[in-house]
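Below is the file start_25.tsv, which contains TSV, C-alpha atoms.
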```tsv
chain	number	residue	atom	x	y	z
A	104	MET	CA	176.18	288.34	9.99
A	105	TRP	CA	178.54	288.29	7.01
A	106	GLY	CA	178.68	284.53	6.96
A	107	LYS	CA	175.12	284.83	5.63
A	108	ILE	CA	176.09	286.54	2.39
A	109	CYS	CA	177.13	283.18	0.95
A	110	ILE	CA	174.94	280.85	-1.11
A	111	ARG	CA	172.52	278.51	0.61
A	112	LEU	CA	172.84	274.76	0.50
A	113	ILE	CA	170.56	271.73	0.38
A	114	LEU	CA	172.08	268.81	2.27
A	115	SER	CA	171.52	265.08	1.80
A	116	VAL	CA	169.11	265.57	-1.12
A	117	VAL	CA	169.23	264.15	-4.64
A	118	ILE	CA	167.75	266.37	-7.34
A	119	MET	CA	167.33	265.53	-11.02
A	120	LEU	CA	168.09	268.58	-13.17
A	121	ALA	CA	167.13	269.09	-16.79
A	122	VAL	CA	169.82	271.50	-18.04
A	123	THR	CA	169.42	273.20	-21.41
A	124	ALA	CA	171.83	271.94	-24.09
A	125	ILE	CA	173.62	269.71	-21.60
A	126	GLY	CA	171.14	267.04	-20.66
A	127	THR	CA	170.15	265.68	-17.28
A	128	ALA	CA	172.50	266.05	-14.33
A	129	GLN	CA	172.08	264.48	-10.91
A	130	VAL	CA	173.27	266.56	-7.95
A	131	THR	CA	173.96	264.76	-4.68
A	132	PHE	CA	174.99	266.23	-1.35
A	133	GLY	CA	176.47	264.08	1.40
A	134	VAL	CA	176.85	264.54	5.16
A	135	PRO	CA	178.28	267.90	6.32
A	136	VAL	CA	181.33	268.13	8.59
A	137	ASN	CA	182.34	271.14	10.70
A	138	LEU	CA	185.92	272.24	10.03
A	139	GLY	CA	186.63	272.53	13.74
A	140	GLN	CA	188.16	274.98	16.17
A	141	ASN	CA	191.33	275.62	14.18
A	142	VAL	CA	189.12	277.31	11.58
A	143	ASN	CA	185.94	278.30	13.41
A	144	THR	CA	185.37	280.50	16.45
A	145	GLY	CA	182.48	281.89	18.45
A	146	GLY	CA	182.02	284.69	15.92
A	147	ASP	CA	181.06	284.94	12.25
A	148	ASP	CA	183.33	282.81	10.08
A	149	GLY	CA	182.41	282.42	6.44
A	150	CYS	CA	182.87	282.60	2.67
A	151	PRO	CA	185.82	280.19	2.32
A	152	SER	CA	187.89	280.12	-0.86
A	153	LEU	CA	190.55	277.48	-1.55
A	154	THR	CA	193.64	277.20	-3.72
A	155	ALA	CA	193.56	274.49	-6.38
A	156	ASP	CA	195.77	272.16	-4.34
A	157	GLY	CA	193.43	272.51	-1.35
A	158	LEU	CA	196.24	273.51	1.01
A	159	GLU	CA	195.19	277.10	1.71
A	160	MET	CA	191.72	278.34	2.65
A	161	TYR	CA	190.92	282.04	2.87
A	162	PHE	CA	187.81	283.31	4.63
A	163	HIS	CA	186.48	286.34	6.48
A	164	SER	CA	185.83	286.55	10.20
A	165	ASP	CA	184.99	289.05	12.92
A	166	ARG	CA	186.90	287.06	15.58
A	167	PRO	CA	189.13	288.81	18.12
A	168	GLY	CA	192.71	289.48	17.10
A	169	GLY	CA	191.96	291.12	13.78
A	170	VAL	CA	192.73	294.56	12.42
A	171	GLY	CA	189.17	295.71	11.63
A	172	ALA	CA	185.54	294.74	12.12
A	173	TYR	CA	185.88	291.87	9.62
A	174	ASP	CA	189.23	290.62	8.38
A	175	ILE	CA	190.54	288.00	5.98
A	176	TRP	CA	192.18	284.97	7.57
A	177	VAL	CA	193.93	281.91	6.15
A	178	ALA	CA	194.13	278.31	7.34
A	179	THR	CA	196.68	275.92	5.85
A	180	ARG	CA	197.31	272.18	5.89
A	181	ALA	CA	200.14	269.90	4.79
A	182	ALA	CA	198.00	267.74	2.50
A	183	ALA	CA	194.45	267.73	1.20
A	184	ASN	CA	193.57	264.78	3.46
A	185	GLN	CA	195.03	266.40	6.58
A	186	PRO	CA	193.24	268.60	9.15
A	187	TRP	CA	193.46	272.38	8.91
A	188	GLY	CA	196.02	274.21	11.01
A	189	LYS	CA	195.22	277.22	13.16
A	190	ALA	CA	193.92	280.12	11.08
A	191	VAL	CA	196.15	283.20	10.81
A	192	ASN	CA	195.16	286.83	10.19
A	193	LEU	CA	196.60	288.27	6.97
A	194	GLY	CA	197.66	291.38	8.86
A	195	PRO	CA	197.45	295.15	8.31
A	196	ILE	CA	198.86	295.17	4.78
A	197	VAL	CA	195.74	293.40	3.51
A	198	ASN	CA	193.23	294.10	6.28
A	199	GLY	CA	192.11	297.61	7.16
A	200	ALA	CA	190.00	299.16	9.88
A	201	GLY	CA	186.72	298.32	8.11
A	202	LEU	CA	185.21	295.15	6.69
A	203	GLU	CA	187.24	292.98	4.33
A	204	ILE	CA	184.91	290.22	3.15
A	205	ALA	CA	184.29	287.58	0.48
A	206	PRO	CA	187.89	286.58	-0.36
A	207	ALA	CA	188.48	284.86	-3.70
A	208	ILE	CA	191.88	283.20	-4.08
A	209	SER	CA	193.27	282.35	-7.50
A	210	SER	CA	193.93	278.69	-8.19
A	211	ASP	CA	197.72	279.21	-8.03
A	212	GLY	CA	197.45	281.16	-4.78
A	213	LEU	CA	199.18	284.28	-6.14
A	214	GLU	CA	196.19	286.63	-6.43
A	215	LEU	CA	193.67	287.30	-3.67
A	216	TYR	CA	190.55	289.28	-4.53
A	217	PHE	CA	188.16	290.64	-1.89
A	218	SER	CA	185.59	293.35	-1.19
A	219	ASP	CA	185.77	296.21	1.31
A	220	TYR	CA	182.14	296.20	2.37
A	221	GLY	CA	180.70	299.61	3.27
A	222	SER	CA	184.09	301.04	4.29
A	223	PRO	CA	185.79	302.30	1.15
A	224	ARG	CA	189.57	302.62	1.19
A	225	PRO	CA	191.23	305.65	-0.37
A	226	GLY	CA	191.16	305.32	-4.14
A	227	GLY	CA	187.89	303.42	-4.27
A	228	MET	CA	185.11	303.89	-6.80
A	229	GLY	CA	182.06	303.37	-4.57
A	230	THR	CA	180.85	302.25	-1.16
A	231	THR	CA	181.94	298.64	-1.75
A	232	ASP	CA	184.67	297.85	-4.29
A	233	MET	CA	186.70	294.85	-5.37
A	234	TRP	CA	190.43	294.85	-4.61
A	235	VAL	CA	193.35	292.52	-5.31
A	236	THR	CA	196.57	291.77	-3.49
A	237	ARG	CA	199.37	289.76	-5.09
A	238	ARG	CA	202.52	287.88	-4.14
A	239	ALA	CA	205.42	286.56	-6.20
A	240	SER	CA	205.26	283.04	-4.73
A	241	ARG	CA	203.37	281.11	-2.09
A	242	HIS	CA	206.25	281.84	0.32
A	243	ASP	CA	206.23	285.62	-0.21
A	244	PRO	CA	204.14	288.19	1.70
A	245	TRP	CA	201.06	289.80	0.21
A	246	THR	CA	201.55	293.24	-1.31
A	247	THR	CA	199.45	296.35	-0.69
A	248	PRO	CA	195.97	295.78	-2.18
A	249	VAL	CA	195.12	297.57	-5.41
A	250	ASN	CA	191.65	298.72	-6.37
A	251	LEU	CA	190.45	297.08	-9.60
A	252	GLY	CA	189.67	300.56	-10.87
A	253	PRO	CA	186.86	302.20	-12.82
A	254	THR	CA	186.99	299.64	-15.63
A	255	VAL	CA	185.71	296.95	-13.24
A	256	ASN	CA	184.30	298.74	-10.20
A	257	SER	CA	181.43	301.22	-10.28
A	258	ALA	CA	179.93	303.86	-8.01
A	259	GLU	CA	177.54	301.14	-6.79
A	260	ASP	CA	178.30	298.08	-4.63
A	261	GLU	CA	180.31	295.13	-5.93
A	262	ILE	CA	180.22	292.57	-3.13
A	263	THR	CA	180.71	288.82	-3.65
A	264	LEU	CA	183.07	287.45	-6.27
A	265	VAL	CA	184.91	284.42	-7.61
A	266	ILE	CA	187.82	284.03	-10.02
A	267	SER	CA	187.84	281.15	-12.49
A	268	ALA	CA	190.49	278.44	-12.23
A	269	ASP	CA	192.22	279.66	-15.40
A	270	GLY	CA	192.30	283.19	-13.95
A	271	LEU	CA	190.61	284.72	-16.99
A	272	GLU	CA	187.08	285.33	-15.66
A	273	LEU	CA	186.05	287.34	-12.62
A	274	LEU	CA	182.39	286.77	-11.77
A	275	PHE	CA	180.71	289.04	-9.23
A	276	ASP	CA	177.44	290.56	-8.15
A	277	SER	CA	176.82	294.26	-8.54
A	278	TYR	CA	174.09	296.82	-7.97
A	279	ARG	CA	175.29	298.93	-10.92
A	280	PRO	CA	172.90	300.18	-13.60
A	281	GLY	CA	172.28	297.92	-16.58
A	282	GLY	CA	170.79	294.93	-14.80
A	283	VAL	CA	167.22	293.87	-14.15
A	284	GLY	CA	167.34	293.20	-10.40
A	285	ALA	CA	168.65	294.82	-7.25
A	286	SER	CA	171.91	292.90	-7.64
A	287	ASP	CA	172.85	291.01	-10.80
A	288	LEU	CA	175.69	288.77	-11.92
A	289	TRP	CA	178.42	290.25	-14.12
A	290	VAL	CA	181.70	288.95	-15.54
A	291	ALA	CA	184.98	290.70	-16.33
A	292	ARG	CA	187.42	288.91	-18.62
A	293	ARG	CA	191.09	289.26	-19.52
A	294	ASP	CA	193.19	287.73	-22.28
A	295	SER	CA	195.91	286.43	-19.96
A	296	LYS	CA	196.84	286.58	-16.28
A	297	SER	CA	199.15	289.50	-17.05
A	298	SER	CA	196.51	291.38	-19.07
A	299	PRO	CA	194.22	294.05	-17.60
A	300	TRP	CA	190.60	293.25	-16.89
A	301	GLN	CA	188.19	294.30	-19.60
A	302	ALA	CA	184.91	296.10	-18.98
A	303	PRO	CA	182.42	293.78	-17.23
A	304	GLN	CA	179.56	292.27	-19.15
A	305	TRP	CA	176.11	291.68	-17.74
A	306	LEU	CA	175.40	287.94	-17.73
A	307	GLY	CA	171.98	288.49	-19.25
A	308	SER	CA	168.36	287.75	-18.53
A	309	THR	CA	168.84	283.99	-18.67
A	310	LEU	CA	170.64	284.15	-15.31
A	311	ASN	CA	169.45	287.49	-13.93
A	312	LYS	CA	165.88	288.19	-12.87
A	313	ALA	CA	164.12	290.72	-10.66
A	314	GLY	CA	165.47	290.26	-7.13
A	315	ILE	CA	169.02	289.46	-6.05
A	316	GLU	CA	171.58	287.19	-7.71
A	317	HIS	CA	174.77	286.94	-5.70
A	318	CYS	CA	177.53	284.70	-4.34
A	319	PRO	CA	178.68	283.09	-7.63
A	320	THR	CA	180.74	279.90	-7.36
A	321	ILE	CA	182.26	278.35	-10.49
A	322	SER	CA	183.64	274.85	-10.95
A	323	ALA	CA	187.29	274.35	-11.92
A	324	ASP	CA	186.37	273.32	-15.47
A	325	GLY	CA	184.35	276.52	-15.82
A	326	LEU	CA	181.21	274.68	-16.91
A	327	SER	CA	179.07	274.78	-13.74
A	328	LEU	CA	177.96	277.97	-12.04
A	329	PHE	CA	176.25	278.00	-8.65
A	330	PHE	CA	174.72	281.19	-7.30
A	331	ASP	CA	172.07	282.33	-4.88
A	332	TYR	CA	168.81	283.86	-6.07
A	333	THR	CA	166.50	285.81	-3.78
A	334	PRO	CA	163.12	286.83	-5.21
A	335	PRO	CA	161.87	290.40	-4.64
A	336	GLY	CA	160.54	291.05	-1.16
A	337	MET	CA	162.59	288.34	0.54
A	338	ALA	CA	165.69	288.70	2.71
A	339	SER	CA	168.95	287.78	0.95
A	340	GLU	CA	169.45	284.74	3.20
A	341	GLU	CA	166.06	283.35	2.14
A	342	GLY	CA	167.03	282.62	-1.45
A	343	ASP	CA	167.54	279.36	-3.29
A	344	LEU	CA	170.68	277.74	-4.61
A	345	MET	CA	170.72	277.82	-8.42
A	346	LEU	CA	172.80	275.87	-10.92
A	347	SER	CA	173.56	276.85	-14.50
A	348	ARG	CA	175.70	274.82	-16.93
A	349	ARG	CA	177.40	275.53	-20.24
A	350	PRO	CA	178.85	273.04	-22.74
A	351	SER	CA	182.08	275.00	-23.32
A	352	LEU	CA	183.91	278.08	-22.03
A	353	SER	CA	182.85	280.06	-25.09
A	354	ALA	CA	179.17	279.09	-24.82
A	355	PRO	CA	176.57	281.15	-22.95
A	356	TRP	CA	175.26	279.95	-19.61
A	357	GLY	CA	172.15	277.81	-19.81
A	358	ALA	CA	168.90	278.42	-17.99
A	359	PRO	CA	169.52	278.01	-14.25
A	360	VAL	CA	167.79	275.24	-12.35
A	361	ASP	CA	166.48	275.88	-8.86
A	362	LEU	CA	167.90	273.29	-6.47
A	363	GLY	CA	165.00	273.96	-4.11
A	364	GLN	CA	164.36	275.89	-0.94
A	365	ALA	CA	167.43	275.48	1.25
A	366	PHE	CA	167.56	275.04	5.00
A	367	SER	CA	167.47	278.45	6.69
A	368	THR	CA	170.90	277.98	8.23
A	369	HIS	CA	173.04	276.91	5.27
A	370	TRP	CA	174.96	278.82	2.59
A	371	ALA	CA	177.63	277.55	0.23
A	372	SER	CA	180.53	279.46	-1.21
A	373	SER	CA	183.34	277.37	-2.70
A	374	ILE	CA	183.81	274.19	-4.72
A	375	SER	CA	187.02	272.20	-4.46
A	376	HIS	CA	189.18	271.97	-7.58
A	377	ASP	CA	188.25	268.31	-8.10
A	378	GLY	CA	184.55	269.18	-7.79
A	379	LYS	CA	183.95	266.70	-4.98
A	380	THR	CA	183.63	269.00	-1.95
A	381	LEU	CA	181.47	272.05	-1.34
A	382	TYR	CA	182.62	274.38	1.44
A	383	PHE	CA	179.86	276.43	3.01
A	384	THR	CA	178.85	278.68	5.87
A	385	SER	CA	176.21	277.61	8.38
A	386	THR	CA	174.56	278.50	11.67
A	387	ARG	CA	173.32	274.92	12.02
A	388	ASP	CA	173.47	273.01	15.30
A	389	GLY	CA	176.86	271.57	16.15
A	390	GLY	CA	178.85	274.67	15.27
A	391	LEU	CA	181.14	276.74	17.45
A	392	GLY	CA	179.73	280.21	16.87
A	393	ASN	CA	177.20	282.36	15.12
A	394	SER	CA	178.30	280.99	11.77
A	395	ASP	CA	180.90	278.33	11.00
A	396	ILE	CA	182.59	276.90	7.94
A	397	TRP	CA	181.62	273.34	7.00
A	398	GLU	CA	182.33	270.95	4.14
A	399	VAL	CA	180.07	268.48	2.40
A	400	PRO	CA	180.64	265.93	-0.39
A	401	ILE	CA	178.96	266.93	-3.64
A	402	SER	CA	178.52	265.21	-6.96
A	403	LEU	CA	177.13	266.57	-10.21
A	404	ASP	CA	176.75	263.10	-11.69
A	405	GLY	CA	175.35	261.13	-8.76
A	406	GLU	CA	178.58	259.47	-7.62
A	407	ILE	CA	180.10	260.64	-4.31
```
In structure tokens, write the structure found in this file.
Amino acid sequence: MWGKICIRLILSVVIMLAVTAIGTAQVTFGVPVNLGQNVNTGGDDGCPSLTADGLEMYFHSDRPGGVGAYDIWVATRAAANQPWGKAVNLGPIVNGAGLEIAPAISSDGLELYFSDYGSPRPGGMGTTDMWVTRRASRHDPWTTPVNLGPTVNSAEDEITLVISADGLELLFDSYRPGGVGASDLWVARRDSKSSPWQAPQWLGSTLNKAGIEHCPTISADGLSLFFDYTPPGMASEEGDLMLSRRPSLSAPWGAPVDLGQAFSTHWASSISHDGKTLYFTSTRDGGLGNSDIWEVPISLDGEI
């Protein structure tokens, strides 16, 4: 179910992209690999988000042993080339009785953002809000989650999100007024990691159209933005994977390029810090459950 809120993926296809103000980029996907039974179960496992060092992966799951209907779990490994250890539930401080979904971990692993889909906690702004939990170090426990407040959240749904590697941009999809589609992409910015988030800005008609834009995923250098676009009248899982580029962090996003109609069982949701691996959710054959987490090599310049 909720594994399917993530972006779709085209596998083993090379696509030439003409990107405004940036030139031609070649996108290549390799062969996907299931992350195995330490990460995946017979339920819905999806929307992975990794720390910059690749040693912690956060995701949501409805597997047994959780606190609510969907919880946030974490899998760890000793090195980026090692297999993942057994996933662990983050426990009742972070997870509630409802649906905690779409985790977005900061690159340093000290801030964890997520949404409480359709089951608002006390102090929320709407049906689905964005929250954050923090910890002083990677060895400390997570603190009680804090709602991002009325500056960032609205009375409408804010669902999928990603935080930039520098921690200064929070990109998310929202159904709030001011857009052109059912759900549009917005960005909140802050001056430093210790500064409050400023009022979100709509990412404009270059990225947003009629329909649904959701599941943003941004590269570590902040110059490549993947997201899913679903035209009006189609189910959210029937959309295409889009790619927009920008020449600098201060430049606007260029016109997105459609990477083509994806397989009906693939969605992507996280790019590794080095930009070489795309982690995604899939119901494809060879998995362990309804939806599993997979990884696939990716290149934006044609070299895997």
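With atom CA of A:Ser286 on one side and atom CA of A:Thr154 on the other, the separation reads 27.1 Å.
Distance annotation: of A:Ala239, A:Ile266, A:Ile401, A:Leu202, the residue with the minimal separation from A:Tyr173 is A:Leu202; atom set is only C-alpha atoms.
Minimum atom-to-atom distance to A:Val235, evaluated using only C-alpha atoms, belongs to A:Asn198 out of A:Ser394, A:Asn198, A:Ser353, A:Ser257.
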message: Show me, as JSON, numbers by chain, the residues that have an atom within 9 Å of A:Asp156 when counting all atoms listed in the file, minus same-chain residues fewer than 4 positions from it.
response: {"A": [182, 183, 210, 211, 375, 376]}
Convert the current residue selection to file output with C-alpha atoms, as a JSON list (two decimals), in the frame of the given file.
```json
[["chain", "number", "residue", "atom", "x", "y", "z"],
["A", 182, "ALA", "CA", 198.00, 267.74, 2.50],
["A", 183, "ALA", "CA", 194.45, 267.73, 1.20],
["A", 210, "SER", "CA", 193.93, 278.69, -8.19],
["A", 211, "ASP", "CA", 197.72, 279.21, -8.03],
["A", 375, "SER", "CA", 187.02, 272.20, -4.46],
["A", 376, "HIS", "CA", 189.18, 271.97, -7.58]]
```
Please report as JSON lines every residue of stretch 268-291 of chain A lying within 7 Å of stretch 296-318 of chain A, along with the nearest atom pair and their distance in Å (one decimal), using all atoms listed in the file.
```
{"residue": "A:Gly270", "atom": "CA", "partner": "A:Lys296", "partner_atom": "CA", "distance": 6.1}
{"residue": "A:Leu271", "atom": "CA", "partner": "A:Lys296", "partner_atom": "CA", "distance": 6.5}
{"residue": "A:Asp276", "atom": "CA", "partner": "A:His317", "partner_atom": "CA", "distance": 5.1}
{"residue": "A:Gly282", "atom": "CA", "partner": "A:Trp305", "partner_atom": "CA", "distance": 6.9}
{"residue": "A:Val283", "atom": "CA", "partner": "A:Ala313", "partner_atom": "CA", "distance": 5.6}
{"residue": "A:Gly284", "atom": "CA", "partner": "A:Ala313", "partner_atom": "CA", "distance": 4.1}
{"residue": "A:Ala285", "atom": "CA", "partner": "A:Ile315", "partner_atom": "CA", "distance": 5.5}
{"residue": "A:Ser286", "atom": "CA", "partner": "A:Ile315", "partner_atom": "CA", "distance": 4.8}
{"residue": "A:Asp287", "atom": "CA", "partner": "A:Glu316", "partner_atom": "CA", "distance": 5.1}
{"residue": "A:Leu288", "atom": "CA", "partner": "A:Leu306", "partner_atom": "CA", "distance": 5.9}
{"residue": "A:Trp289", "atom": "CA", "partner": "A:Trp305", "partner_atom": "CA", "distance": 4.5}
{"residue": "A:Val290", "atom": "CA", "partner": "A:Pro303", "partner_atom": "CA", "distance": 5.2}
{"residue": "A:Ala291", "atom": "CA", "partner": "A:Pro303", "partner_atom": "CA", "distance": 4.1}
```
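Straight-line separation from atom CA of A:Ser295 to atom CA of A:Gly194: 29.3 Å.
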query: Taking (169.4, 275.1, -12.1) in the file's coordinates, which residues come within 9 Å, counting only C-alpha atoms, written as a PyMOL selection string?
result: chain A and resi 120-122+329+344-348+357-362
Could you put an axis-aligned box around every listed atom of stretch 224-227 of chain A, padded by 3 Å on each side, and send me its centre and edge lengths in Å to one decimal, as AutoDock Vina command-line options?
```
--center_x 189.6 --center_y 304.1 --center_z -1.5 --size_x 9.3 --size_y 9.0 --size_z 11.5
```
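Restricting the calculation to only C-alpha atoms, the smallest distance between A:Asp165 and any of A:Ser372, A:Thr144, A:Ser222, A:Gln129 is found for A:Thr144.
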- request: Work out how far apart atom CA of A:Val399 and atom CA of A:Ala190 are and give it in Å to one decimal.
  value: 20.1 Å
message: Nearest residue to A:Asp219 out of A:Leu251, A:Ala207, A:Ile262, A:Leu326, using all atoms listed in the file?
response: A:Ile262
- request: Using all atoms listed in the file, find all polymer residues with an atom at most 9 Å away from the point (178.9, 277.1, 15.1); report them as JSON, numbers by chain.
  value: {"A": [137, 143, 144, 145, 146, 147, 148, 385, 386, 387, 388, 389, 390, 391, 392, 393, 394, 395, 396]}
- line: Counting only C-alpha atoms, the residue among A:Trp234, A:Tyr382, A:Tyr332, A:Tyr278 that lies closest to A:Cys150 is A:Tyr382
